[in-house]
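Have a look at the structure below before the remarks.
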Amino acid sequence: MKLTFMGTGASEGVPGIFCRCEDCKKARQLGGRELRSRSQLLINQDLLVDMGPETYLKSVMYGIELSRVKYLFITHSHCDHLDERLLGFRGGWFGRDMEEPVLFGYGSERAVGRMEKWLQDSPFDFVREACRLYVLHGFDQVRAGDYEVTALPAVHNPKEECLLYLIKDRQGREILYAADTGRLTEDTYEYLRGRRLKCVILDCTLGNKEEPGISHMGLRENKTVKDRLEDMGVTDGDTRYVCTHISHGTGGFEYLAEAAAGAGMEAAYDGMTITV
């Protein structure tokens, strides 16, 4: 599987739009890997996890043909993970000769509800015809073309059933995408028992801070998850651990990358591509 990290930031991005902390001033000055747009992941060319406000810009920057995306999985309805207005540009004169004329979208009840409302309010029939939407709950499993995708419960917003995703391709390679969440639930650990993950992508909003994470994680919580999965035999020395959904106030890319490497993990950056 080819994984493209189209965005790796938390809700405010780095630099934060109105922020003048040291990290944000440094990011504006240095650019490059210090800049973080809101988190989303592209798998191969046809499966997208989250569709936030920078989706268009990042697709142009990284040469990504979004008309090839056939499957969209939304983790939750927060605005940094879902900009449902983008669905209004699929089909008709907005999206001509699309590679995939129909997009199959999945997510929590609240996320799907927001997408459905936007489509229903559209004056264009072709916009509604270009999307099929489905609600997922924790531990629901769907077949999406070459992928088997399982929704797992996130620990994030108590007002919404937020989701993580376990994604397996036809070759049996599995990855876990666990961004914007606290530590994994016991039910999730039990569900993962007996599996072998090629890549684990973890929320690292708090960076290397010592403060405890509840609805988010930092490197400390990431290491706890890593140790638990390794003890269970779910991951091993060949598994790649990647930290994403990183906030400002975490010391900048080089600092976090060094701290993550010390824990046997990698700090993701916008535009990073890996193959697992």
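Chain labels A, B, ... are given in the sequence in which chains occur in the structure tokens; within each chain residues are numbered consecutively from 1, and ligands are likewise numbered from 1 in the order shown.
By chain and then residue number, the residues within 8 Å of region 257-271 of chain A are A:Thr4, A:Phe5, A:Met6, A:Gly7, A:Thr8, A:Arg33, A:Glu34, A:Leu35, A:Arg36, A:Ser37, A:Tyr62, A:Asn208, A:Leu219, A:Lys223, A:Arg240, A:Tyr241, A:Val242, A:Cys243, A:Thr244, A:Phe253, counting only C-alpha atoms and disregarding those fewer than 4 positions away in sequence.
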(request) Select from region 38-222 of chain A everything DSSP, run on the backbone, classes as strand (DSSP E or B), then give the selection as a VMD selection string. (result) chain A and resid 38 40 to 43 47 to 49 51 71 to 73 82 103 to 107 131 to 135 141 to 144 147 to 153 163 to 168 174 to 178 197 to 203
(message) Which residues are near region 16-31 of chain A? Cut-off 9 Å, only C-alpha atoms, ignore same chain within fewer than 5 positions. Put them as a list in words.
(response) Ser11, Arg36, Ser247, His248, Gly249, Thr250, Gly251 and Gly252 of chain A
(request) With a distance cut-off of 10 Å and only C-alpha atoms, select the neighbouring residues of Thr150 (chain A), excluding the residue or stretch itself and same-chain residues fewer than 5 positions from it, and output the selection as a list in words. (result)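 Those residues are Leu136, His137, Gly138, Phe139, Asp140, Gln141, Val142, Arg143, Leu163, Leu164, Tyr165, Leu166, Ile167, Lys168 and Leu176 of chain A.
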(message) Let me make sure I understand: among A:Leu197, A:Ala179, A:Leu66, A:Leu192, which one has the smallest atom-to-atom distance to His245 (chain A) if we use only C-alpha atoms?
(response) A:Ala179
(message) as a PyMOL selection string, please: every residue in region 42-128 of chain A that a backbone DSSP assignment puts in alpha helix (DSSP H).
(response) chain A and resi 55-61+109-121+125-128
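The shortest atom-to-atom distance to Leu72 (chain A), with only C-alpha atoms taken into account, belongs to A:Asp50 out of A:Glu221, A:Asp50, A:Glu109, A:Asp97.
Here CA of Glu190 (chain A) stands at a distance of 23.6 Å from CA of Pro212 (chain A).
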